[in-house]
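Engineer: Here you go, one structure.
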2 protein chains.
Amino acid sequence: MRRKVTLKQIAKELDVSISTVSRALNDSKEIGEETRQKIQAFAKFYNYKPNNIALSLKNRQTKTIGILIPEIVHHFFSTVIRGIEIVANQRGYNVIIGLSNESFSKEVINMEMLANGSIDGFILSISKETLLRQDYHHFKETISQGIPIVMFDRVVNDIDCDKVIVDDFKGSYTAVKKLISYGCKNIALITTMDYVSVGKLRTQGYLQALEDGKIHAKGSLILKLDDGLALEEHLDILETEIEKFFKRNKQIDAIFAVNELYAVTAMKVARKLDFKIPEDIQIIGFTDGVLSKHARPSLTTLSQHGQKMGEEAAHLLIDRLQQDHDEEEDEVFDFERDMNFRTVVIETELIERESTK
Amino acid sequence: MRRKVTLKQIAKELDVSISTVSRALNDSKEIGEETRQKIQAFAKFYNYKPNNIALSLKNRQTKTIGILIPEIVHHFFSTVIRGIEIVANQRGYNVIIGLSNESFSKEVINMEMLANGSIDGFILSISKETLLRQDYHHFKETISQGIPIVMFDRVVNDIDCDKVIVDDFKGSYTAVKKLISYGCKNIALITTMDYVSVGKLRTQGYLQALEDGKIHAKGSLILKLDDGLALEEHLDILETEIEKFFKRNKQIDAIFAVNELYAVTAMKVARKLDFKIPEDIQIIGFTDGVLSKHARPSLTTLSQHGQKMGEEAAHLLIDRLQQDHDEEEDEVFDFERDMNFRTVVIETELIERESTK
DNA sequence: TTGTAGGCGTTATCAG
DNA sequence: CTGATAACGCCTACAA
């Protein structure tokens, strides 16, 4: 087992100083052609590669991005990660992942852990528990320590950072409008509790579309489901809830669901109750994932373009990191710094499949 | 923006030496009770946290694990990551992710990148291209540099490292046996090209089960599909291929597919051709994912227990890291080191749903 | 009990 | 053109 070779070792072997070796390998101009050749050849032979950790310490930047998400076994989030990773790699960054598992304390711990030098900046989506408690001190603290954050999808307004969101309102609005244009009159909404911002916005889009379509919104046609039901072990309860909802509201002729699990489950229930899709009931779900594509019939959905979101987020973060780094050298002071935080809105896209017509 | 406070700053403020501060914060016994109190209070007030990078450099260990996988938008892999992350966090490690995107060169580059000090060890699943080229020099090199590797799912034998695999052979065997016991006579196999080890083993399990069931295996009942077809943009081709296969073999009464996409697609085709499931055709897929659970009818599958695999892999790696670390202190020499690499086999589990009876 | 010095691997600044 | 020195932030053996 031969350990990685260091500058020091090369220096000793070749009987020159460490700085000479460093210069030769960095193609400094102030070095003799001969020594350079010799050192470079030697280094290549021993497969020398500079130690990232030492570089990080010296340069005060790790060239790695911390990703903090609620859950990884989730099509949308993994799509976002893929987008981040692609851009990060292109631009010379690595990616380190922390999972909050929707828990406030895990989010805080992970964040503090990574903030202690491991990463240059964060890309994150807020956990549900955090959203519920509305306790954002860890974000603020991190930012005040000079570590920039980019939030995506689940964001809150009063944090000074760049954001990448989808136009939840407009997306829902478009979807529901589409249903109306297809002649639906009793459009139900299946959604989550309001504290998740995206849930709220999607509900608002639904309401606005109804209003503009001159359809009176009825509270009875809105089903707010507890998040816990999305867990695998509670799928049957979810199904039962939706079934009861259907039985309470036999007039339903369309469903707009704020995520694909609700959409697919609603479809299952509808078929069980002998509704024909899309003849009797049309369905649209938010979030385009595997389930929607492969459902029978396949589901019309709003695509969130997760990968695109990830890419945008990564660009925003790295742009800011590099800007900060440049300014540091120029000794720019806080008060003259450009703190214009940007919010990038990714357009949703209605992908029409078999569940509407 | 107040930057993170360091030992040095605290030392200056309190007019003591850096080492005193360090000792006070590490609860060293050789320190005055009074000074300790003072320093700890001060540090707490300024929210001092040691810099991970500096610690990594000093301790020559980063306390982070590198995960290298072919693809993240994939239920199985993300499940494994979740397992790794849980154990890693429990045991004080972070997790950094590299994606090979099934490409050999990206795998090599990512590995070299991370091997330069960023991580203590790897957990990985080999990319298809690497498997195809059978070029494993980067793994061997990494290992010879003293960085341990744990491979999962897609592994190769001639690499000295711990491994976590599922019993592909036994799993397939069980599944096909089950189909036979349900009275199926013409059991088709839908699989991938042989170079992915798991594909090969699953095929062998299929053949063995037929043999033991006194059923003559027919080459015409085995469909080997090109991997490219699994890509989203080629789903229709995949469907066409399977449909042609069906039409060539009208006698098929059961299908065993080596992944869930093939299984679900086969089911789609079967229904399109007016076969009743499970009455006319029974179907079992390898890999239990979202698709199988939510398909109509739901699919009987072999679960790979991805999270469990991740957890096992993380334990294997961290155990070895800690062993290496201990031995380093005791100056154990290579030749007296315990190089017994372990291979943990995770049992697959047949989850019976509606596609069999 | 506290301080000094050296080192982890690298780069940058200053002399020579 | 090359070498010594300091520094990034931390820990620790040794000295006082």
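Within each chain, counting starts at residue 1; across the structure tokens, chains are named A, B, ... in the order shown, with ligands numbered 1 upward in that order.
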Residues of chain C within 8 Å of chain A, counting only C-alpha atoms (C1' of nucleotides), what are they? List them as a VMD selection string.
Structural biologist: chain C and resid 9 to 11
Engineer: Within 7 Å of chain B, which residues of chain A show up? Give each one with its shortest atom-to-atom distance in Å (one decimal) and the two atoms involved, counting only C-alpha atoms, rows by chain then rising residue number, as CSV.
Structural biologist:
residue,atom,partner,partner_atom,distance
A:Met1,CA,B:Ser144,CA,5.0
A:Arg2,CA,B:Gln145,CA,5.4
A:Arg3,CA,B:Gln145,CA,5.0
A:Lys4,CA,B:Gln145,CA,6.2
A:Lys49,CA,B:Asn116,CA,6.6
A:Pro50,CA,B:Asn116,CA,6.9
A:Asn51,CA,B:Asn116,CA,5.2
A:Asn52,CA,B:Gly117,CA,5.4
A:Ile53,CA,B:Gly117,CA,5.8
A:Ala54,CA,B:Leu57,CA,6.4
A:Leu57,CA,B:Ile53,CA,6.1
A:Ile72,CA,B:Ser78,CA,6.0
A:Val73,CA,B:Ser78,CA,5.2
A:His75,CA,B:Val73,CA,6.3
A:Ser78,CA,B:Val73,CA,5.2
A:Thr79,CA,B:Val73,CA,5.8
A:Arg82,CA,B:Ile72,CA,6.7
A:Val95,CA,B:Ile97,CA,6.0
A:Ile96,CA,B:Ile96,CA,4.1
A:Ile97,CA,B:Ile96,CA,5.9
A:Asn116,CA,B:Asn51,CA,5.2
A:Gly117,CA,B:Asn51,CA,5.4
A:Ser118,CA,B:Asn52,CA,6.1
A:Ser144,CA,B:Met1,CA,5.0
A:Gln145,CA,B:Arg3,CA,5.0
A:Gly146,CA,B:Met1,CA,5.8
A:Leu291,CA,B:Leu291,CA,6.2
A:Ala295,CA,B:Ala295,CA,6.5
A:Arg296,CA,B:Arg296,CA,6.9
Engineer: Could you take the residues named above and write them with C-alpha atoms, as a tab-separated table (two decimals), in the first residue's frame?
Structural biologist:
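Full text of selection.tsv as output:
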chain	number	residue	atom	x	y	z
A	1	MET	CA	0.00	0.00	0.00
A	2	ARG	CA	1.76	3.07	-1.20
A	3	ARG	CA	0.23	6.20	0.25
A	4	LYS	CA	-0.35	9.23	-1.88
A	49	LYS	CA	-2.20	14.82	-7.35
A	50	PRO	CA	-2.53	17.74	-4.97
A	51	ASN	CA	-4.43	17.02	-1.79
A	52	ASN	CA	-7.85	18.63	-1.93
A	53	ILE	CA	-8.09	19.11	1.79
A	54	ALA	CA	-4.85	21.01	1.99
A	57	LEU	CA	-7.60	24.94	3.90
A	72	ILE	CA	-33.92	11.24	-1.59
A	73	VAL	CA	-36.19	8.38	-2.51
A	75	HIS	CA	-38.37	11.27	-8.13
A	78	SER	CA	-33.40	13.06	-7.30
A	79	THR	CA	-34.04	14.82	-10.57
A	82	ARG	CA	-28.96	15.26	-11.04
A	95	VAL	CA	-21.65	17.78	-4.27
A	96	ILE	CA	-22.25	16.60	-0.73
A	97	ILE	CA	-25.66	15.49	0.40
A	116	ASN	CA	-18.17	24.18	9.54
A	117	GLY	CA	-15.90	24.36	6.58
A	118	SER	CA	-17.08	21.40	4.55
A	144	SER	CA	-24.74	35.74	8.20
A	145	GLN	CA	-21.59	33.64	8.38
A	146	GLY	CA	-21.03	34.39	4.75
A	291	LEU	CA	-45.97	6.90	-11.78
A	295	ALA	CA	-50.14	4.57	-15.01
A	296	ARG	CA	-53.07	3.07	-16.85
Engineer: Name the residues of stretch 215-246 of chain B that fall into helix (DSSP H, G or I) according to DSSP on the backbone, using the chain letters and numbers of this document, as a list in words.
Structural biologist: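 Of stretch 215-246 of chain B, only Gly219, Ser220, Leu221, Asp227, Gly228, Leu229, Ala230, Glu232, Glu233, His234, Leu235, Asp236, Ile237, Leu238, Glu239, Thr240, Glu241, Ile242, Glu243, Lys244, Phe245 and Phe246 of chain B fall in helix (DSSP H, G or I).
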Engineer: May I ask for the distance between atom CA of B:Ile283 and atom CA of B:Met267, given in Å to one decimal place?
Structural biologist: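 Pair atom CA of B:Ile283 / atom CA of B:Met267 returns 7.4 Å.
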Engineer: Determine which residues of chain A sit within 7 Å of chain D, taking into account only C-alpha atoms (C1' of nucleotides), and present them as a list in words.
Structural biologist: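 Matching residues, ligands excluded from the count: Ser17, Thr20, Glu30, Ile31, Gly32, Leu57 and Lys58 of chain A.
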Engineer: Contacts of B:Leu238 at 6 Å or less, counting only C-alpha atoms (C1' of nucleotides), minus same-chain residues fewer than 3 places along, as a PyMOL selection string?
Structural biologist: chain B and resi 229+235+241
Engineer: So how far away is atom CA of B:Leu317 from atom CA of B:Gly199, in Å?
Structural biologist: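 Going from atom CA of B:Gly199 over to atom CA of B:Leu317 covers 25.8 Å.
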Engineer: Could you tell me how far atom CA of B:Ala188 sits from atom CA of B:Asp227, in Å to one decimal place?
Structural biologist: 18.4 Å
Engineer: Would you mind writing down, as an mmCIF file with N, CA, C and O atoms, in the first residue's frame, each residue of stretch 2-238 of chain A that DSSP on the backbone assigns to strand (DSSP E)?
Structural biologist:
data_model
loop_
_atom_site.group_PDB
_atom_site.id
_atom_site.type_symbol
_atom_site.label_atom_id
_atom_site.label_comp_id
_atom_site.auth_asym_id
_atom_site.auth_seq_id
_atom_site.Cartn_x
_atom_site.Cartn_y
_atom_site.Cartn_z
ATOM 1 N N THR A 64 -16.973 22.601 -2.943
ATOM 2 C CA THR A 64 -18.074 21.652 -2.900
ATOM 3 C C THR A 64 -19.343 22.331 -2.412
ATOM 4 O O THR A 64 -19.298 23.275 -1.633
ATOM 5 N N ILE A 65 -20.447 21.832 -2.942
ATOM 6 C CA ILE A 65 -21.763 22.387 -2.656
ATOM 7 C C ILE A 65 -22.508 21.432 -1.736
ATOM 8 O O ILE A 65 -22.486 20.223 -1.955
ATOM 9 N N GLY A 66 -23.147 21.974 -0.729
ATOM 10 C CA GLY A 66 -23.958 21.136 0.145
ATOM 11 C C GLY A 66 -25.410 21.134 -0.312
ATOM 12 O O GLY A 66 -25.996 22.188 -0.510
ATOM 13 N N ILE A 67 -25.939 19.937 -0.507
ATOM 14 C CA ILE A 67 -27.359 19.833 -0.870
ATOM 15 C C ILE A 67 -28.116 19.319 0.340
ATOM 16 O O ILE A 67 -27.714 18.338 0.957
ATOM 17 N N LEU A 68 -29.175 20.001 0.690
ATOM 18 C CA LEU A 68 -29.949 19.603 1.858
ATOM 19 C C LEU A 68 -31.392 19.419 1.412
ATOM 20 O O LEU A 68 -32.077 20.383 1.089
ATOM 21 N N ILE A 69 -31.833 18.181 1.375
ATOM 22 C CA ILE A 69 -33.204 17.931 0.926
ATOM 23 C C ILE A 69 -33.927 17.034 1.922
ATOM 24 O O ILE A 69 -33.306 16.332 2.721
ATOM 25 N N ASN A 94 -17.853 19.780 -6.397
ATOM 26 C CA ASN A 94 -18.403 18.502 -5.965
ATOM 27 C C ASN A 94 -19.682 18.752 -5.194
ATOM 28 O O ASN A 94 -20.011 19.883 -4.856
ATOM 29 N N VAL A 95 -20.335 17.680 -4.877
ATOM 30 C CA VAL A 95 -21.649 17.780 -4.272
ATOM 31 C C VAL A 95 -21.741 16.856 -3.063
ATOM 32 O O VAL A 95 -21.415 15.683 -3.148
ATOM 33 N N ILE A 96 -22.141 17.409 -1.941
ATOM 34 C CA ILE A 96 -22.251 16.602 -0.731
ATOM 35 C C ILE A 96 -23.696 16.679 -0.270
ATOM 36 O O ILE A 96 -24.340 17.714 -0.399
ATOM 37 N N ILE A 97 -24.228 15.560 0.172
ATOM 38 C CA ILE A 97 -25.660 15.493 0.397
ATOM 39 C C ILE A 97 -26.050 15.274 1.858
ATOM 40 O O ILE A 97 -25.471 14.442 2.545
ATOM 41 N N GLY A 98 -27.011 16.034 2.308
ATOM 42 C CA GLY A 98 -27.572 15.809 3.628
ATOM 43 C C GLY A 98 -29.073 15.632 3.500
ATOM 44 O O GLY A 98 -29.711 16.326 2.717
ATOM 45 N N LEU A 99 -29.623 14.694 4.241
ATOM 46 C CA LEU A 99 -31.061 14.453 4.189
ATOM 47 C C LEU A 99 -31.699 14.870 5.500
ATOM 48 O O LEU A 99 -31.236 14.510 6.577
ATOM 49 N N GLY A 121 -21.294 26.573 -0.069
ATOM 50 C CA GLY A 121 -22.643 27.124 -0.132
ATOM 51 C C GLY A 121 -23.671 26.005 -0.151
ATOM 52 O O GLY A 121 -23.326 24.853 -0.372
ATOM 53 N N PHE A 122 -24.914 26.377 0.103
ATOM 54 C CA PHE A 122 -25.977 25.374 0.168
ATOM 55 C C PHE A 122 -26.997 25.527 -0.953
ATOM 56 O O PHE A 122 -27.319 26.651 -1.367
ATOM 57 N N ILE A 123 -27.520 24.387 -1.387
ATOM 58 C CA ILE A 123 -28.732 24.379 -2.189
ATOM 59 C C ILE A 123 -29.706 23.515 -1.410
ATOM 60 O O ILE A 123 -29.371 22.374 -1.064
ATOM 61 N N LEU A 124 -30.863 24.046 -1.083
ATOM 62 C CA LEU A 124 -31.736 23.274 -0.208
ATOM 63 C C LEU A 124 -33.213 23.482 -0.484
ATOM 64 O O LEU A 124 -33.636 24.459 -1.107
ATOM 65 N N ILE A 149 -26.885 30.668 0.333
ATOM 66 C CA ILE A 149 -27.879 29.604 0.203
ATOM 67 C C ILE A 149 -28.710 29.856 -1.050
ATOM 68 O O ILE A 149 -29.002 30.996 -1.383
ATOM 69 N N VAL A 150 -29.042 28.783 -1.720
ATOM 70 C CA VAL A 150 -30.046 28.871 -2.775
ATOM 71 C C VAL A 150 -31.166 27.908 -2.395
ATOM 72 O O VAL A 150 -30.908 26.738 -2.121
ATOM 73 N N MET A 151 -32.381 28.410 -2.330
ATOM 74 C CA MET A 151 -33.508 27.539 -1.993
ATOM 75 C C MET A 151 -34.258 27.169 -3.263
ATOM 76 O O MET A 151 -34.380 27.983 -4.173
ATOM 77 N N PHE A 152 -34.770 25.951 -3.294
ATOM 78 C CA PHE A 152 -35.584 25.585 -4.448
ATOM 79 C C PHE A 152 -36.879 24.925 -4.005
ATOM 80 O O PHE A 152 -36.947 24.322 -2.949
ATOM 81 N N ASP A 162 -30.916 33.534 -3.013
ATOM 82 C CA ASP A 162 -31.474 33.258 -4.332
ATOM 83 C C ASP A 162 -32.463 32.101 -4.208
ATOM 84 O O ASP A 162 -32.354 31.279 -3.303
ATOM 85 N N LYS A 163 -33.411 32.086 -5.113
ATOM 86 C CA LYS A 163 -34.439 31.048 -5.060
ATOM 87 C C LYS A 163 -34.784 30.541 -6.445
ATOM 88 O O LYS A 163 -34.728 31.293 -7.420
ATOM 89 N N VAL A 164 -35.130 29.284 -6.507
ATOM 90 C CA VAL A 164 -35.626 28.712 -7.757
ATOM 91 C C VAL A 164 -36.955 28.034 -7.459
ATOM 92 O O VAL A 164 -37.016 27.140 -6.614
ATOM 93 N N ILE A 165 -37.986 28.508 -8.107
ATOM 94 C CA ILE A 165 -39.301 27.933 -7.844
ATOM 95 C C ILE A 165 -40.017 27.623 -9.154
ATOM 96 O O ILE A 165 -39.612 28.089 -10.215
ATOM 97 N N VAL A 166 -41.058 26.830 -9.056
ATOM 98 C CA VAL A 166 -41.902 26.681 -10.237
ATOM 99 C C VAL A 166 -43.089 27.594 -10.023
ATOM 100 O O VAL A 166 -43.405 27.968 -8.896
ATOM 101 N N ILE A 187 -65.009 20.277 -10.520
ATOM 102 C CA ILE A 187 -63.597 19.933 -10.445
ATOM 103 C C ILE A 187 -63.141 19.883 -8.995
ATOM 104 O O ILE A 187 -63.193 20.879 -8.281
ATOM 105 N N ALA A 188 -62.695 18.705 -8.592
ATOM 106 C CA ALA A 188 -62.241 18.556 -7.208
ATOM 107 C C ALA A 188 -60.753 18.855 -7.104
ATOM 108 O O ALA A 188 -60.018 18.736 -8.077
ATOM 109 N N LEU A 189 -60.357 19.255 -5.900
ATOM 110 C CA LEU A 189 -58.936 19.490 -5.646
ATOM 111 C C LEU A 189 -58.498 18.562 -4.519
ATOM 112 O O LEU A 189 -59.137 18.527 -3.466
ATOM 113 N N ILE A 190 -57.443 17.818 -4.760
ATOM 114 C CA ILE A 190 -56.874 17.002 -3.682
ATOM 115 C C ILE A 190 -55.526 17.597 -3.346
ATOM 116 O O ILE A 190 -54.623 17.651 -4.179
ATOM 117 N N THR A 191 -55.396 18.062 -2.118
ATOM 118 C CA THR A 191 -54.189 18.813 -1.764
ATOM 119 C C THR A 191 -53.702 18.457 -0.363
ATOM 120 O O THR A 191 -54.256 17.584 0.294
ATOM 121 N N THR A 192 -52.614 19.127 0.040
ATOM 122 C CA THR A 192 -52.054 18.889 1.371
ATOM 123 C C THR A 192 -52.418 20.041 2.291
ATOM 124 O O THR A 192 -53.088 20.972 1.894
ATOM 125 N N ILE A 222 -62.954 20.244 -2.033
ATOM 126 C CA ILE A 222 -61.526 20.315 -1.729
ATOM 127 C C ILE A 222 -61.185 19.322 -0.627
ATOM 128 O O ILE A 222 -61.762 19.369 0.460
ATOM 129 N N LEU A 223 -60.272 18.432 -0.934
ATOM 130 C CA LEU A 223 -59.865 17.435 0.059
ATOM 131 C C LEU A 223 -58.440 17.751 0.506
ATOM 132 O O LEU A 223 -57.495 17.690 -0.282
ATOM 133 N N LYS A 224 -58.318 18.098 1.801
ATOM 134 C CA LYS A 224 -56.980 18.361 2.335
ATOM 135 C C LYS A 224 -56.502 17.135 3.093
ATOM 136 O O LYS A 224 -57.103 16.750 4.094
ATOM 137 N N LEU A 225 -55.421 16.561 2.627
ATOM 138 C CA LEU A 225 -54.949 15.320 3.229
ATOM 139 C C LEU A 225 -53.735 15.545 4.114
ATOM 140 O O LEU A 225 -52.858 16.353 3.810
#
Engineer: For B:Asn249, find every residue with an atom within 12 Å (counting only C-alpha atoms (C1' of nucleotides)), except residues of its own chain fewer than 3 positions away, and show them as a PDB file with N, CA and C atoms, in the first residue's frame.
Structural biologist:
ATOM      1  N   ASN B 186     -45.048 -22.285 -19.964  1.00  0.00           N
ATOM      2  CA  ASN B 186     -44.239 -21.549 -20.940  1.00  0.00           C
ATOM      3  C   ASN B 186     -43.823 -20.201 -20.358  1.00  0.00           C
ATOM      4  N   ILE B 187     -42.786 -20.277 -19.579  1.00  0.00           N
ATOM      5  CA  ILE B 187     -42.350 -19.096 -18.843  1.00  0.00           C
ATOM      6  C   ILE B 187     -41.275 -18.350 -19.624  1.00  0.00           C
ATOM      7  N   ALA B 188     -41.595 -17.123 -19.993  1.00  0.00           N
ATOM      8  CA  ALA B 188     -40.629 -16.332 -20.749  1.00  0.00           C
ATOM      9  C   ALA B 188     -39.731 -15.545 -19.808  1.00  0.00           C
ATOM     10  N   LEU B 189     -38.536 -15.219 -20.305  1.00  0.00           N
ATOM     11  CA  LEU B 189     -37.607 -14.385 -19.534  1.00  0.00           C
ATOM     12  C   LEU B 189     -37.311 -13.127 -20.342  1.00  0.00           C
ATOM     13  N   LYS B 218     -36.470 -22.983 -23.597  1.00  0.00           N
ATOM     14  CA  LYS B 218     -36.381 -22.703 -25.039  1.00  0.00           C
ATOM     15  C   LYS B 218     -35.762 -21.328 -25.262  1.00  0.00           C
ATOM     16  N   GLY B 219     -34.803 -21.284 -26.116  1.00  0.00           N
ATOM     17  CA  GLY B 219     -34.151 -20.018 -26.426  1.00  0.00           C
ATOM     18  C   GLY B 219     -35.129 -18.974 -26.930  1.00  0.00           C
ATOM     19  N   SER B 220     -36.135 -19.428 -27.624  1.00  0.00           N
ATOM     20  CA  SER B 220     -37.093 -18.478 -28.189  1.00  0.00           C
ATOM     21  C   SER B 220     -37.885 -17.759 -27.102  1.00  0.00           C
ATOM     22  N   LEU B 221     -37.909 -18.323 -25.924  1.00  0.00           N
ATOM     23  CA  LEU B 221     -38.670 -17.689 -24.836  1.00  0.00           C
ATOM     24  C   LEU B 221     -37.823 -16.711 -24.023  1.00  0.00           C
ATOM     25  N   ILE B 222     -36.590 -16.513 -24.469  1.00  0.00           N
ATOM     26  CA  ILE B 222     -35.735 -15.542 -23.766  1.00  0.00           C
ATOM     27  C   ILE B 222     -35.541 -14.311 -24.639  1.00  0.00           C
ATOM     28  N   LEU B 223     -35.921 -13.178 -24.094  1.00  0.00           N
ATOM     29  CA  LEU B 223     -35.762 -11.928 -24.843  1.00  0.00           C
ATOM     30  C   LEU B 223     -34.665 -11.095 -24.192  1.00  0.00           C
ATOM     31  N   ILE B 242     -41.175  -5.835 -27.211  1.00  0.00           N
ATOM     32  CA  ILE B 242     -41.855  -6.830 -26.385  1.00  0.00           C
ATOM     33  C   ILE B 242     -43.112  -7.337 -27.080  1.00  0.00           C
ATOM     34  N   GLU B 243     -43.764  -6.433 -27.775  1.00  0.00           N
ATOM     35  CA  GLU B 243     -44.973  -6.846 -28.480  1.00  0.00           C
ATOM     36  C   GLU B 243     -44.645  -7.877 -29.571  1.00  0.00           C
ATOM     37  N   LYS B 244     -43.567  -7.622 -30.289  1.00  0.00           N
ATOM     38  CA  LYS B 244     -43.154  -8.579 -31.328  1.00  0.00           C
ATOM     39  C   LYS B 244     -42.838  -9.934 -30.688  1.00  0.00           C
ATOM     40  N   PHE B 245     -42.185  -9.843 -29.558  1.00  0.00           N
ATOM     41  CA  PHE B 245     -41.820 -11.064 -28.831  1.00  0.00           C
ATOM     42  C   PHE B 245     -43.070 -11.868 -28.478  1.00  0.00           C
ATOM     43  N   PHE B 246     -44.072 -11.165 -27.995  1.00  0.00           N
ATOM     44  CA  PHE B 246     -45.337 -11.816 -27.649  1.00  0.00           C
ATOM     45  C   PHE B 246     -45.958 -12.490 -28.870  1.00  0.00           C
ATOM     46  N   ILE B 252     -46.953 -18.211 -24.505  1.00  0.00           N
ATOM     47  CA  ILE B 252     -46.463 -17.721 -23.204  1.00  0.00           C
ATOM     48  C   ILE B 252     -47.573 -17.644 -22.156  1.00  0.00           C
ATOM     49  N   ASP B 253     -47.313 -18.214 -20.978  1.00  0.00           N
ATOM     50  CA  ASP B 253     -48.307 -18.084 -19.915  1.00  0.00           C
ATOM     51  C   ASP B 253     -47.719 -17.459 -18.649  1.00  0.00           C
ATOM     52  N   ALA B 254     -46.458 -17.063 -18.736  1.00  0.00           N
ATOM     53  CA  ALA B 254     -45.858 -16.368 -17.591  1.00  0.00           C
ATOM     54  C   ALA B 254     -44.623 -15.610 -18.048  1.00  0.00           C
ATOM     55  N   ILE B 255     -44.316 -14.552 -17.326  1.00  0.00           N
ATOM     56  CA  ILE B 255     -43.135 -13.771 -17.657  1.00  0.00           C
ATOM     57  C   ILE B 255     -42.352 -13.470 -16.392  1.00  0.00           C
ATOM     58  N   ALA B 270     -49.231  -7.064 -22.740  1.00  0.00           N
ATOM     59  CA  ALA B 270     -50.117  -8.220 -22.572  1.00  0.00           C
ATOM     60  C   ALA B 270     -51.576  -7.771 -22.550  1.00  0.00           C
TER      61      ALA B 270
END
